[in-house]
$ cat coords27.tsv   # TSV, C-alpha atoms
chain	number	residue	atom	x	y	z
A	1	MET	CA	0.00	0.00	0.00
A	2	ALA	CA	2.78	2.41	0.89
A	3	ILE	CA	4.67	1.44	-2.26
A	4	GLU	CA	1.70	2.41	-4.41
A	5	LYS	CA	1.46	5.76	-2.72
A	6	GLN	CA	5.20	6.24	-3.12
A	7	ASP	CA	4.84	5.44	-6.79
A	8	ALA	CA	2.01	7.93	-7.03
A	9	VAL	CA	4.11	10.65	-5.44
A	10	GLN	CA	7.07	9.77	-7.63
A	11	GLY	CA	4.85	9.87	-10.67
A	12	PHE	CA	3.43	13.22	-9.62
A	13	ILE	CA	6.88	14.69	-9.13
A	14	ASN	CA	8.06	13.29	-12.45
A	15	HIS	CA	5.03	14.57	-14.26
A	16	HIS	CA	5.10	17.98	-12.64
A	17	VAL	CA	8.79	18.57	-12.92
A	18	MET	CA	9.80	16.80	-16.09
A	19	HIS	CA	6.72	17.70	-18.06
A	20	HIS	CA	5.84	21.10	-16.74
A	21	ALA	CA	9.47	22.09	-16.67
A	22	GLY	CA	9.57	22.83	-20.31
A	23	THR	CA	7.06	20.98	-22.40
A	24	ALA	CA	3.84	21.84	-20.63
A	25	ASP	CA	1.17	22.34	-23.21
A	26	ALA	CA	-1.43	24.14	-21.14
A	27	TRP	CA	-1.71	26.69	-18.38
A	28	ASN	CA	-4.39	25.69	-15.93
A	29	LEU	CA	-5.63	28.89	-14.33
A	30	PRO	CA	-8.63	28.83	-11.96
A	31	PHE	CA	-11.36	29.63	-14.46
A	32	MET	CA	-9.72	29.17	-17.78
A	33	ARG	CA	-7.19	27.03	-19.48
A	34	VAL	CA	-4.72	28.50	-21.90
A	35	ASP	CA	-3.49	26.03	-24.46
A	36	ALA	CA	0.04	26.60	-25.65
A	37	LEU	CA	1.03	26.51	-29.28
A	38	GLU	CA	2.93	23.59	-30.65
A	39	TRP	CA	6.19	25.51	-30.74
A	40	PHE	CA	5.68	27.85	-27.78
A	41	ARG	CA	5.45	26.09	-24.46
A	42	TYR	CA	4.55	27.26	-21.00
A	43	ASP	CA	7.95	28.45	-19.84
A	44	ALA	CA	8.27	30.53	-22.98
A	45	VAL	CA	4.97	32.18	-21.97
A	46	MET	CA	6.52	32.85	-18.57
A	47	VAL	CA	9.58	34.45	-20.16
A	48	PHE	CA	7.39	36.80	-22.15
A	49	PHE	CA	5.37	37.57	-19.04
A	50	VAL	CA	8.55	38.51	-17.18
A	51	VAL	CA	9.64	40.70	-20.09
A	52	ALA	CA	6.24	42.43	-20.21
A	53	LEU	CA	6.34	43.04	-16.46
A	54	LEU	CA	9.82	44.52	-16.63
A	55	LEU	CA	8.89	46.71	-19.57
A	56	ALA	CA	5.86	48.03	-17.66
A	57	LEU	CA	8.10	48.77	-14.67
A	58	ALA	CA	10.61	50.54	-16.90
A	59	VAL	CA	7.92	52.71	-18.46
A	60	ALA	CA	6.60	53.58	-15.00
A	61	VAL	CA	10.09	54.54	-13.80
A	62	ARG	CA	10.72	56.60	-16.90
A	63	ARG	CA	7.47	58.43	-16.55
A	64	SER	CA	8.00	59.29	-12.89
A	65	TYR	CA	11.56	60.44	-13.36
A	66	ALA	CA	12.24	63.94	-12.01
A	67	GLU	CA	15.32	65.96	-11.10
A	68	ILE	CA	15.39	64.43	-7.64
A	69	PRO	CA	13.91	60.96	-8.03
A	70	LYS	CA	11.30	59.78	-5.60
A	71	GLY	CA	9.44	56.53	-5.22
A	72	LEU	CA	9.91	53.99	-7.96
A	73	ALA	CA	12.61	55.98	-9.73
A	74	ALA	CA	14.62	56.17	-6.49
A	75	VAL	CA	14.44	52.40	-6.15
A	76	ALA	CA	15.59	52.01	-9.75
A	77	GLU	CA	18.50	54.35	-9.13
A	78	ALA	CA	19.50	52.52	-5.97
A	79	TYR	CA	19.40	49.27	-7.91
A	80	VAL	CA	21.60	50.57	-10.73
A	81	VAL	CA	24.05	52.03	-8.21
A	82	PHE	CA	24.18	48.66	-6.46
A	83	ILE	CA	25.00	46.83	-9.69
A	84	ARG	CA	27.50	49.47	-10.70
A	85	ASP	CA	29.40	49.69	-7.43
A	86	GLN	CA	29.27	46.07	-6.35
A	87	ILE	CA	29.50	44.13	-9.60
A	88	VAL	CA	30.62	46.14	-12.62
A	89	TYR	CA	33.14	48.75	-11.45
A	90	PRO	CA	35.11	46.47	-9.08
A	91	ASN	CA	35.69	44.13	-12.00
A	92	PHE	CA	35.99	46.36	-15.05
A	93	GLY	CA	37.07	49.71	-13.72
A	94	ALA	CA	35.15	52.92	-14.27
A	95	ALA	CA	35.98	53.63	-17.91
A	96	CYS	CA	35.50	50.18	-19.36
A	97	GLY	CA	32.57	49.27	-17.13
A	98	ARG	CA	30.32	52.09	-18.26
A	99	GLY	CA	29.53	50.35	-21.52
A	100	PHE	CA	28.66	47.05	-19.85
A	101	LEU	CA	26.49	48.42	-17.09
A	102	SER	CA	23.16	48.10	-18.90
A	103	PHE	CA	23.82	44.49	-19.87
A	104	PHE	CA	24.45	43.43	-16.29
A	105	CYS	CA	21.54	45.41	-14.94
A	106	THR	CA	19.25	43.69	-17.42
A	107	LEU	CA	20.67	40.28	-16.60
A	108	PHE	CA	20.23	40.68	-12.87
A	109	ILE	CA	16.70	42.07	-12.92
A	110	PHE	CA	15.53	39.50	-15.46
A	111	ILE	CA	16.86	36.52	-13.52
A	112	LEU	CA	15.62	37.92	-10.22
A	113	THR	CA	12.11	38.55	-11.53
A	114	ALA	CA	11.91	35.14	-13.20
A	115	ASN	CA	13.09	33.42	-10.00
A	116	LEU	CA	10.65	35.30	-7.81
A	117	LEU	CA	7.68	34.75	-10.11
A	118	GLY	CA	8.29	31.04	-9.87
A	119	LEU	CA	7.38	31.23	-6.21
A	120	VAL	CA	3.92	32.64	-6.93
A	121	PRO	CA	1.36	29.78	-6.89
A	122	LEU	CA	0.04	29.54	-10.42
A	123	PHE	CA	3.19	30.48	-12.28
A	124	SER	CA	6.16	28.38	-13.25
A	125	THR	CA	9.79	29.29	-12.88
A	126	ALA	CA	11.10	30.49	-16.19
A	127	THR	CA	14.70	30.07	-15.09
A	128	GLY	CA	13.89	26.59	-13.80
A	129	ASN	CA	13.93	25.44	-17.39
A	130	VAL	CA	17.29	24.49	-18.79
A	131	SER	CA	16.43	26.02	-22.16
A	132	VAL	CA	15.93	29.44	-20.63
A	133	THR	CA	19.14	29.37	-18.63
A	134	ALA	CA	21.01	27.98	-21.62
A	135	GLY	CA	19.66	30.92	-23.61
A	136	LEU	CA	20.87	33.35	-20.96
A	137	ALA	CA	24.32	31.78	-20.92
A	138	THR	CA	24.46	31.81	-24.72
A	139	ILE	CA	23.62	35.50	-24.72
A	140	PHE	CA	26.40	36.02	-22.19
A	141	MET	CA	28.80	34.07	-24.40
A	142	LEU	CA	27.89	36.10	-27.49
A	143	VAL	CA	28.17	39.40	-25.62
A	144	CYS	CA	31.55	38.30	-24.27
A	145	LEU	CA	32.92	37.39	-27.70
A	146	GLY	CA	31.37	40.50	-29.23
A	147	ALA	CA	32.93	42.71	-26.58
A	148	VAL	CA	36.34	41.16	-27.16
A	149	VAL	CA	36.05	41.67	-30.91
A	150	LYS	CA	34.72	45.21	-30.57
A	151	LEU	CA	37.24	46.40	-28.01
A	152	ARG	CA	40.33	44.73	-29.34
A	153	GLY	CA	39.53	43.73	-32.90
A	154	LEU	CA	39.93	40.26	-34.24
A	155	ARG	CA	43.43	40.04	-32.77
A	156	GLY	CA	41.70	40.37	-29.42
A	157	LEU	CA	40.29	36.88	-29.83
A	158	LYS	CA	43.79	35.56	-30.16
A	159	SER	CA	45.04	37.44	-27.14
A	160	ALA	CA	42.03	36.40	-25.06
A	161	PHE	CA	42.45	32.69	-25.69
A	162	VAL	CA	46.18	32.27	-26.08
A	163	PRO	CA	48.06	33.09	-22.90
A	164	HIS	CA	51.32	34.99	-22.92
A	165	GLY	CA	54.66	34.28	-21.43
A	166	LEU	CA	54.75	30.55	-21.99
A	167	PRO	CA	57.32	28.37	-23.74
A	168	ALA	CA	56.47	27.78	-27.39
A	169	TRP	CA	55.66	24.11	-27.05
A	170	LEU	CA	53.16	24.74	-24.25
A	171	THR	CA	51.08	27.44	-25.93
A	172	PRO	CA	48.85	25.23	-28.17
A	173	VAL	CA	47.94	23.03	-25.22
A	174	MET	CA	47.10	26.02	-23.07
A	175	ALA	CA	45.08	27.60	-25.89
A	176	VAL	CA	42.96	24.45	-26.17
A	177	MET	CA	42.52	24.44	-22.41
A	178	GLU	CA	41.47	28.08	-22.41
A	179	VAL	CA	38.81	27.41	-25.05
A	180	ILE	CA	37.56	24.38	-23.13
A	181	SER	CA	37.44	26.34	-19.90
A	182	PHE	CA	35.48	29.12	-21.63
A	183	PHE	CA	32.81	26.68	-22.73
A	184	SER	CA	32.77	24.93	-19.39
A	185	ARG	CA	32.21	28.25	-17.63
A	186	VAL	CA	29.20	28.95	-19.87
A	187	PHE	CA	27.89	25.45	-19.20
A	188	ALA	CA	28.41	25.85	-15.46
A	189	LEU	CA	26.46	29.10	-15.48
A	190	THR	CA	23.43	27.48	-17.06
A	191	ILE	CA	23.49	24.35	-14.91
A	192	ARG	CA	24.04	26.23	-11.67
A	193	LEU	CA	21.06	28.54	-12.14
A	194	PHE	CA	18.80	25.81	-13.53
A	195	CYS	CA	19.58	23.25	-10.82
A	196	ASN	CA	19.31	25.65	-7.92
A	197	LEU	CA	15.91	26.80	-9.05
A	198	LEU	CA	14.57	23.39	-9.96
A	199	ALA	CA	15.87	21.63	-6.86
A	200	GLY	CA	13.93	23.91	-4.54
A	201	HIS	CA	10.70	23.06	-6.32
A	202	ILE	CA	11.42	19.33	-6.27
A	203	VAL	CA	12.11	19.44	-2.53
A	204	ILE	CA	8.83	21.22	-1.88
A	205	TYR	CA	6.92	18.75	-4.05
A	206	SER	CA	8.54	15.81	-2.28
A	207	LEU	CA	7.75	17.18	1.14
A	208	LEU	CA	4.16	17.81	0.20
A	209	GLY	CA	4.03	14.35	-1.30
A	210	MET	CA	4.68	12.99	2.17
A	211	VAL	CA	1.16	14.08	2.99
A	212	VAL	CA	-0.12	11.81	0.25
A	213	ILE	CA	1.78	8.87	1.66
A	214	PHE	CA	1.40	9.36	5.38
A	215	GLY	CA	-1.70	11.46	5.80
A	216	LEU	CA	-2.14	13.64	8.88
A	217	ALA	CA	1.09	12.43	10.51
A	218	ALA	CA	3.00	14.37	7.88
A	219	LEU	CA	2.11	17.80	9.29
A	220	PRO	CA	5.74	18.60	10.27
A	221	ALA	CA	6.67	17.97	6.64
A	222	VAL	CA	4.36	20.79	5.61
A	223	LEU	CA	6.07	23.11	8.09
A	224	VAL	CA	9.46	22.08	6.71
A	225	ALA	CA	8.09	22.79	3.23
A	226	VAL	CA	7.22	26.32	4.35
A	227	ALA	CA	10.77	26.73	5.68
A	228	VAL	CA	12.18	25.48	2.38
A	229	TYR	CA	9.94	28.01	0.61
A	230	PHE	CA	11.58	30.84	2.52
A	231	PHE	CA	14.99	29.38	1.81
A	232	GLU	CA	14.05	29.30	-1.86
A	233	LEU	CA	13.25	33.01	-1.63
A	234	PHE	CA	16.80	33.62	-0.44
A	235	VAL	CA	18.19	31.33	-3.15
A	236	ALA	CA	16.30	33.35	-5.80
A	237	PHE	CA	18.18	36.52	-4.84
A	238	LEU	CA	21.47	34.71	-4.32
A	239	GLN	CA	21.45	32.91	-7.65
A	240	ALA	CA	20.62	36.07	-9.57
A	241	TYR	CA	23.52	37.81	-7.86
A	242	ILE	CA	25.89	34.88	-8.44
A	243	PHE	CA	25.01	34.63	-12.14
A	244	THR	CA	25.58	38.34	-12.68
A	245	LEU	CA	28.77	38.45	-10.61
A	246	LEU	CA	30.31	35.43	-12.31
A	247	SER	CA	29.36	36.81	-15.73
A	248	ALA	CA	31.15	40.03	-14.84
A	249	ILE	CA	34.23	38.18	-13.58
A	250	PHE	CA	34.42	35.91	-16.63
A	251	MET	CA	33.83	38.75	-19.06
A	252	ASN	CA	36.52	40.78	-17.35
A	253	MET	CA	38.92	37.87	-17.65
A	254	MET	CA	38.32	37.78	-21.38
A	255	VAL	CA	38.14	41.47	-22.20
A	256	ASN	CA	41.07	42.57	-20.03
A	257	PRO	CA	43.35	39.56	-19.91
A	258	GLU	CA	45.85	39.89	-17.12
A	259	HIS	CA	49.29	39.13	-18.40
B	5	MET	CA	12.47	0.91	-12.60
B	6	MET	CA	11.24	1.51	-9.10
B	7	VAL	CA	13.42	-0.55	-6.75
B	8	PRO	CA	12.84	-0.34	-3.00
B	9	LEU	CA	14.16	2.87	-1.52
B	10	ALA	CA	17.08	1.31	0.35
B	11	MET	CA	18.75	0.06	-2.80
B	12	SER	CA	18.37	3.01	-5.12
B	13	THR	CA	21.80	3.76	-6.55
B	14	ALA	CA	20.74	7.21	-7.62
B	15	ALA	CA	20.06	8.08	-4.01
B	16	VAL	CA	23.47	6.73	-2.96
B	17	GLY	CA	25.09	8.85	-5.66
B	18	ALA	CA	23.23	11.92	-4.49
B	19	GLY	CA	24.35	11.28	-0.93
B	20	LEU	CA	27.98	11.01	-1.98
B	21	THR	CA	27.61	14.25	-3.92
B	22	LEU	CA	26.35	15.89	-0.77
B	23	VAL	CA	29.37	14.64	1.20
B	24	GLY	CA	31.73	16.22	-1.32
B	25	ALA	CA	29.87	19.51	-1.47
B	26	GLY	CA	29.43	19.73	2.28
B	27	LEU	CA	33.12	19.08	2.91
B	28	GLY	CA	34.14	21.67	0.34
B	29	ILE	CA	31.85	24.41	1.54
B	30	GLY	CA	32.57	23.63	5.18
B	31	LEU	CA	36.34	23.89	4.70
B	32	LEU	CA	35.90	27.09	2.76
B	33	TRP	CA	33.80	28.76	5.42
B	34	ALA	CA	36.04	27.50	8.21
B	35	ALA	CA	39.04	29.20	6.61
B	36	GLY	CA	36.96	32.31	5.99
B	37	LEU	CA	35.73	32.50	9.58
B	38	GLN	CA	39.26	32.16	10.93
B	39	SER	CA	40.42	34.97	8.68
B	40	MET	CA	37.47	37.12	9.72
B	41	ALA	CA	38.39	36.55	13.35
B	42	ARG	CA	41.95	37.64	12.72
B	43	GLN	CA	41.08	40.74	10.70
B	44	PRO	CA	37.53	41.95	11.26
B	45	GLU	CA	37.96	44.98	9.02
B	46	ILE	CA	37.97	42.99	5.75
B	47	GLN	CA	34.85	41.10	6.71
B	48	SER	CA	32.72	42.20	3.76
B	49	LYS	CA	35.37	41.34	1.17
B	50	LEU	CA	35.82	37.93	2.73
B	51	GLN	CA	32.09	37.35	2.75
B	52	THR	CA	31.83	38.13	-0.95
B	53	ALA	CA	34.70	35.80	-1.77
B	54	MET	CA	33.22	33.04	0.34
B	55	ILE	CA	29.85	33.27	-1.33
B	56	ILE	CA	31.49	33.09	-4.76
B	57	GLY	CA	33.47	30.02	-3.74
B	58	ALA	CA	30.37	28.38	-2.32
B	59	ALA	CA	28.56	29.01	-5.61
B	60	PHE	CA	31.34	27.27	-7.56
B	61	ILE	CA	31.30	24.25	-5.28
B	62	GLU	CA	27.54	24.07	-5.35
B	63	GLY	CA	27.58	24.25	-9.15
B	64	ALA	CA	29.88	21.23	-9.31
B	65	ALA	CA	27.70	19.35	-6.83
B	66	LEU	CA	24.64	20.12	-8.91
B	67	PHE	CA	26.28	18.68	-12.06
B	68	ALA	CA	26.60	15.38	-10.23
B	69	LEU	CA	23.08	15.70	-8.86
B	70	VAL	CA	21.67	16.23	-12.36
B	71	ILE	CA	23.35	13.01	-13.51
B	72	CYS	CA	21.97	11.17	-10.48
B	73	LEU	CA	18.48	12.41	-11.27
B	74	MET	CA	18.78	11.55	-14.93
B	75	LYS	CA	20.04	8.06	-14.42
B	76	GLY	CA	17.86	6.96	-11.56
$ encode --input "coords27.tsv" --output "structure tokens"
Amino acid sequence: MAIEKQDAVQGFINHHVMHHAGTADAWNLPFMRVDALEWFRYDAVMVFFVVALLLALAVAVRRSYAEIPKGLAAVAEAYVVFIRDQIVYPNFGAACGRGFLSFFCTLFIFILTANLLGLVPLFSTATGNVSVTAGLATIFMLVCLGAVVKLRGLRGLKSAFVPHGLPAWLTPVMAVMEVISFFSRVFALTIRLFCNLLAGHIVIYSLLGMVVIFGLAALPAVLVAVAVYFFELFVAFLQAYIFTLLSAIFMNMMVNPEH
Amino acid sequence: MMVPLAMSTAAVGAGLTLVGAGLGIGLLWAAGLQSMARQPEIQSKLQTAMIIGAAFIEGAALFALVICLMKG
């Protein structure tokens, strides 16, 4: 009897996570059901929802902008100052970092909003889908390569990937290793964000599944699930910060290679 | 295939992953706390560096966890 219930919980977790994590074909809201298109699944809808929300916020900030900002514009300024002074300028320096500031601000607020919206009951986590985080990391990779080419020309690619000051027989090996480490950093960025976001949801589903198996005796599991929910709130902020900070560090390592 | 819980190799793999990650992050924070006790004025820099290190270690642990989840 317990094995059947365990199978049911396992099946529920599999279905909810593996199917709704990227290929969900419908959005079951309370009074309506939105069917997704064949090529545009549920997490893609969430990405567009996040983008629409951020655009609305940006328009509101722009409209309320005055000489001395108050309210929403003050929050936006505090946020940009935080990104500039904690993430961009310590890594790039003031002159070089000015051009990259908008990219990192966008990255941070997008990941943060997507993470936080995943904690709202009827929505799914856009960044809990490996396609979305892979897309973010690919954008980072393209911006990185584009910045190297734009700032240093095509020779910059050579100087970014081939280290200096090595004996001649060692340089090809180190160049291959630099290229491999570049791709592994991009891969690590996607997997880190995706797994952190997805694992929190799986833990909550498993804990709530204990109620299915054990009934009323599983009340402490529900309290633990609430605690994990708050921890997931912290992880949402932390992972957005980590993604942005590591992108800044890696981009700095490529654009300004230390000799 | 759903084997009884005690013999699930994916769960054993996940547990071993946790041992590695816990050891790594624990050693990192132990060194960081000792340094913070010696020099309290660089506490915020140390905290930033520790969080970055913890994120790297956790990323590696999550690679292994993804393989455990996929294969079991």
$ atom_distance --input "coords27.tsv" --atom1 "atom CA of A:Cys144" --atom2 "atom CA of A:Met253"
9.9 Å
$ closest_residue --input "coords27.tsv" --among "B:Leu31, B:Ala15, B:Ala25, B:Val70" --to "chain A" --atoms "all atoms listed in the file"
B:Val70
$ closest_residue --input "coords27.tsv" --among "B:Cys72, B:Leu32, B:Leu22, B:Ala65" --to "chain A" --atoms "only C-alpha atoms"
B:Ala65
$ residues_around --input "coords27.tsv" --residues "stretch 242-252 of chain A" --least-positions-apart "4" --cutoff "6 Å" --atoms "only C-alpha atoms" --output "JSON, numbers by chain"
{"A": [87, 108, 144, 256]}
$ residues_around --input "coords27.tsv" --residues "B:Phe67" --least-positions-apart "4" --cutoff "9 Å" --atoms "only C-alpha atoms" --output "MDAnalysis selection string"
(chainID A and resid 188 191:192 195) or (chainID B and resid 62:63 71:72)
$ closest_residue --input "coords27.tsv" --among "B:Thr52, B:Thr13, B:Gln47, B:Gln38" --to "chain A" --atoms "all atoms listed in the file"
B:Thr52
$ closest_atom_pairs --input "coords27.tsv" --of "chain B" --to "chain A" --cutoff "12 Å" --atoms "only C-alpha atoms" --output "JSON lines"
{"residue": "B:Met5", "atom": "CA", "partner": "A:Asp7", "partner_atom": "CA", "distance": 10.6}
{"residue": "B:Met6", "atom": "CA", "partner": "A:Asp7", "partner_atom": "CA", "distance": 7.9}
{"residue": "B:Val7", "atom": "CA", "partner": "A:Ile3", "partner_atom": "CA", "distance": 10.0}
{"residue": "B:Pro8", "atom": "CA", "partner": "A:Ile3", "partner_atom": "CA", "distance": 8.4}
{"residue": "B:Leu9", "atom": "CA", "partner": "A:Ile3", "partner_atom": "CA", "distance": 9.6}
{"residue": "B:Ser48", "atom": "CA", "partner": "A:Gln86", "partner_atom": "CA", "distance": 11.4}
{"residue": "B:Lys49", "atom": "CA", "partner": "A:Gln86", "partner_atom": "CA", "distance": 10.8}
{"residue": "B:Thr52", "atom": "CA", "partner": "A:Gln86", "partner_atom": "CA", "distance": 9.9}
{"residue": "B:Ala53", "atom": "CA", "partner": "A:Leu245", "partner_atom": "CA", "distance": 11.0}
{"residue": "B:Met54", "atom": "CA", "partner": "A:Ile242", "partner_atom": "CA", "distance": 11.6}
{"residue": "B:Ile55", "atom": "CA", "partner": "A:Ile242", "partner_atom": "CA", "distance": 8.3}
{"residue": "B:Ile56", "atom": "CA", "partner": "A:Ile242", "partner_atom": "CA", "distance": 6.9}
{"residue": "B:Gly57", "atom": "CA", "partner": "A:Ile242", "partner_atom": "CA", "distance": 10.2}
{"residue": "B:Ala58", "atom": "CA", "partner": "A:Ile242", "partner_atom": "CA", "distance": 10.0}
{"residue": "B:Ala59", "atom": "CA", "partner": "A:Ile242", "partner_atom": "CA", "distance": 7.0}
{"residue": "B:Phe60", "atom": "CA", "partner": "A:Arg192", "partner_atom": "CA", "distance": 8.4}
{"residue": "B:Ile61", "atom": "CA", "partner": "A:Arg192", "partner_atom": "CA", "distance": 9.9}
{"residue": "B:Glu62", "atom": "CA", "partner": "A:Arg192", "partner_atom": "CA", "distance": 7.5}
{"residue": "B:Gly63", "atom": "CA", "partner": "A:Arg192", "partner_atom": "CA", "distance": 4.8}
{"residue": "B:Ala64", "atom": "CA", "partner": "A:Ala188", "partner_atom": "CA", "distance": 7.8}
{"residue": "B:Ala65", "atom": "CA", "partner": "A:Arg192", "partner_atom": "CA", "distance": 9.2}
{"residue": "B:Leu66", "atom": "CA", "partner": "A:Cys195", "partner_atom": "CA", "distance": 6.2}
{"residue": "B:Phe67", "atom": "CA", "partner": "A:Ile191", "partner_atom": "CA", "distance": 6.9}
{"residue": "B:Ala68", "atom": "CA", "partner": "A:Cys195", "partner_atom": "CA", "distance": 10.6}
{"residue": "B:Leu69", "atom": "CA", "partner": "A:Cys195", "partner_atom": "CA", "distance": 8.5}
{"residue": "B:Val70", "atom": "CA", "partner": "A:Cys195", "partner_atom": "CA", "distance": 7.5}
{"residue": "B:Ile71", "atom": "CA", "partner": "A:Cys195", "partner_atom": "CA", "distance": 11.2}
{"residue": "B:Leu73", "atom": "CA", "partner": "A:Asn14", "partner_atom": "CA", "distance": 10.5}
{"residue": "B:Met74", "atom": "CA", "partner": "A:Met18", "partner_atom": "CA", "distance": 10.5}
{"residue": "B:Gly76", "atom": "CA", "partner": "A:Asn14", "partner_atom": "CA", "distance": 11.7}
$ closest_residue --input "coords27.tsv" --among "A:Ala218, A:Leu55, A:Leu145, A:Ala126" --to "A:Arg41" --atoms "all atoms listed in the file"
A:Ala126
$ atom_distance --input "coords27.tsv" --atom1 "atom CA of A:Glu77" --atom2 "atom CA of A:Cys105"
11.1 Å
$ build_atoms --input "coords27.tsv" --residues "stretch 175-193 of chain A" --atoms "N, CA and C atoms" --output "JSON list (two decimals), in the frame of the given file"
[["chain", "number", "residue", "atom", "x", "y", "z"],
["A", 175, "ALA", "N", 46.16, 26.96, -25.13],
["A", 175, "ALA", "CA", 45.08, 27.60, -25.89],
["A", 175, "ALA", "C", 43.86, 26.69, -25.92],
["A", 176, "VAL", "N", 44.09, 25.39, -26.17],
["A", 176, "VAL", "CA", 42.96, 24.45, -26.17],
["A", 176, "VAL", "C", 42.29, 24.45, -24.81],
["A", 177, "MET", "N", 43.12, 24.47, -23.74],
["A", 177, "MET", "CA", 42.52, 24.44, -22.41],
["A", 177, "MET", "C", 41.75, 25.71, -22.11],
["A", 178, "GLU", "N", 42.23, 26.84, -22.64],
["A", 178, "GLU", "CA", 41.47, 28.08, -22.41],
["A", 178, "GLU", "C", 40.12, 28.02, -23.10],
["A", 179, "VAL", "N", 40.10, 27.49, -24.34],
["A", 179, "VAL", "CA", 38.81, 27.41, -25.05],
["A", 179, "VAL", "C", 37.86, 26.48, -24.31],
["A", 180, "ILE", "N", 38.41, 25.32, -23.87],
["A", 180, "ILE", "CA", 37.56, 24.38, -23.13],
["A", 180, "ILE", "C", 37.04, 25.01, -21.86],
["A", 181, "SER", "N", 37.91, 25.76, -21.16],
["A", 181, "SER", "CA", 37.44, 26.34, -19.90],
["A", 181, "SER", "C", 36.41, 27.43, -20.16],
["A", 182, "PHE", "N", 36.52, 28.14, -21.30],
["A", 182, "PHE", "CA", 35.48, 29.12, -21.63],
["A", 182, "PHE", "C", 34.13, 28.44, -21.77],
["A", 183, "PHE", "N", 34.10, 27.34, -22.55],
["A", 183, "PHE", "CA", 32.81, 26.68, -22.73],
["A", 183, "PHE", "C", 32.31, 26.04, -21.45],
["A", 184, "SER", "N", 33.24, 25.55, -20.62],
["A", 184, "SER", "CA", 32.77, 24.93, -19.39],
["A", 184, "SER", "C", 32.24, 25.98, -18.42],
["A", 185, "ARG", "N", 32.77, 27.21, -18.49],
["A", 185, "ARG", "CA", 32.21, 28.25, -17.63],
["A", 185, "ARG", "C", 30.79, 28.57, -18.05],
["A", 186, "VAL", "N", 30.56, 28.66, -19.37],
["A", 186, "VAL", "CA", 29.20, 28.95, -19.87],
["A", 186, "VAL", "C", 28.26, 27.82, -19.44],
["A", 187, "PHE", "N", 28.72, 26.58, -19.59],
["A", 187, "PHE", "CA", 27.89, 25.45, -19.20],
["A", 187, "PHE", "C", 27.60, 25.48, -17.70],
["A", 188, "ALA", "N", 28.62, 25.80, -16.90],
["A", 188, "ALA", "CA", 28.41, 25.85, -15.46],
["A", 188, "ALA", "C", 27.41, 26.92, -15.08],
["A", 189, "LEU", "N", 27.43, 28.05, -15.77],
["A", 189, "LEU", "CA", 26.46, 29.10, -15.48],
["A", 189, "LEU", "C", 25.04, 28.60, -15.69],
["A", 190, "THR", "N", 24.81, 27.91, -16.83],
["A", 190, "THR", "CA", 23.43, 27.48, -17.06],
["A", 190, "THR", "C", 23.01, 26.43, -16.04],
["A", 191, "ILE", "N", 23.89, 25.45, -15.79],
["A", 191, "ILE", "CA", 23.49, 24.35, -14.91],
["A", 191, "ILE", "C", 23.32, 24.84, -13.49],
["A", 192, "ARG", "N", 24.16, 25.77, -13.05],
["A", 192, "ARG", "CA", 24.04, 26.23, -11.67],
["A", 192, "ARG", "C", 22.70, 26.89, -11.44],
["A", 193, "LEU", "N", 22.33, 27.82, -12.32],
["A", 193, "LEU", "CA", 21.06, 28.54, -12.14],
["A", 193, "LEU", "C", 19.88, 27.58, -12.26]]
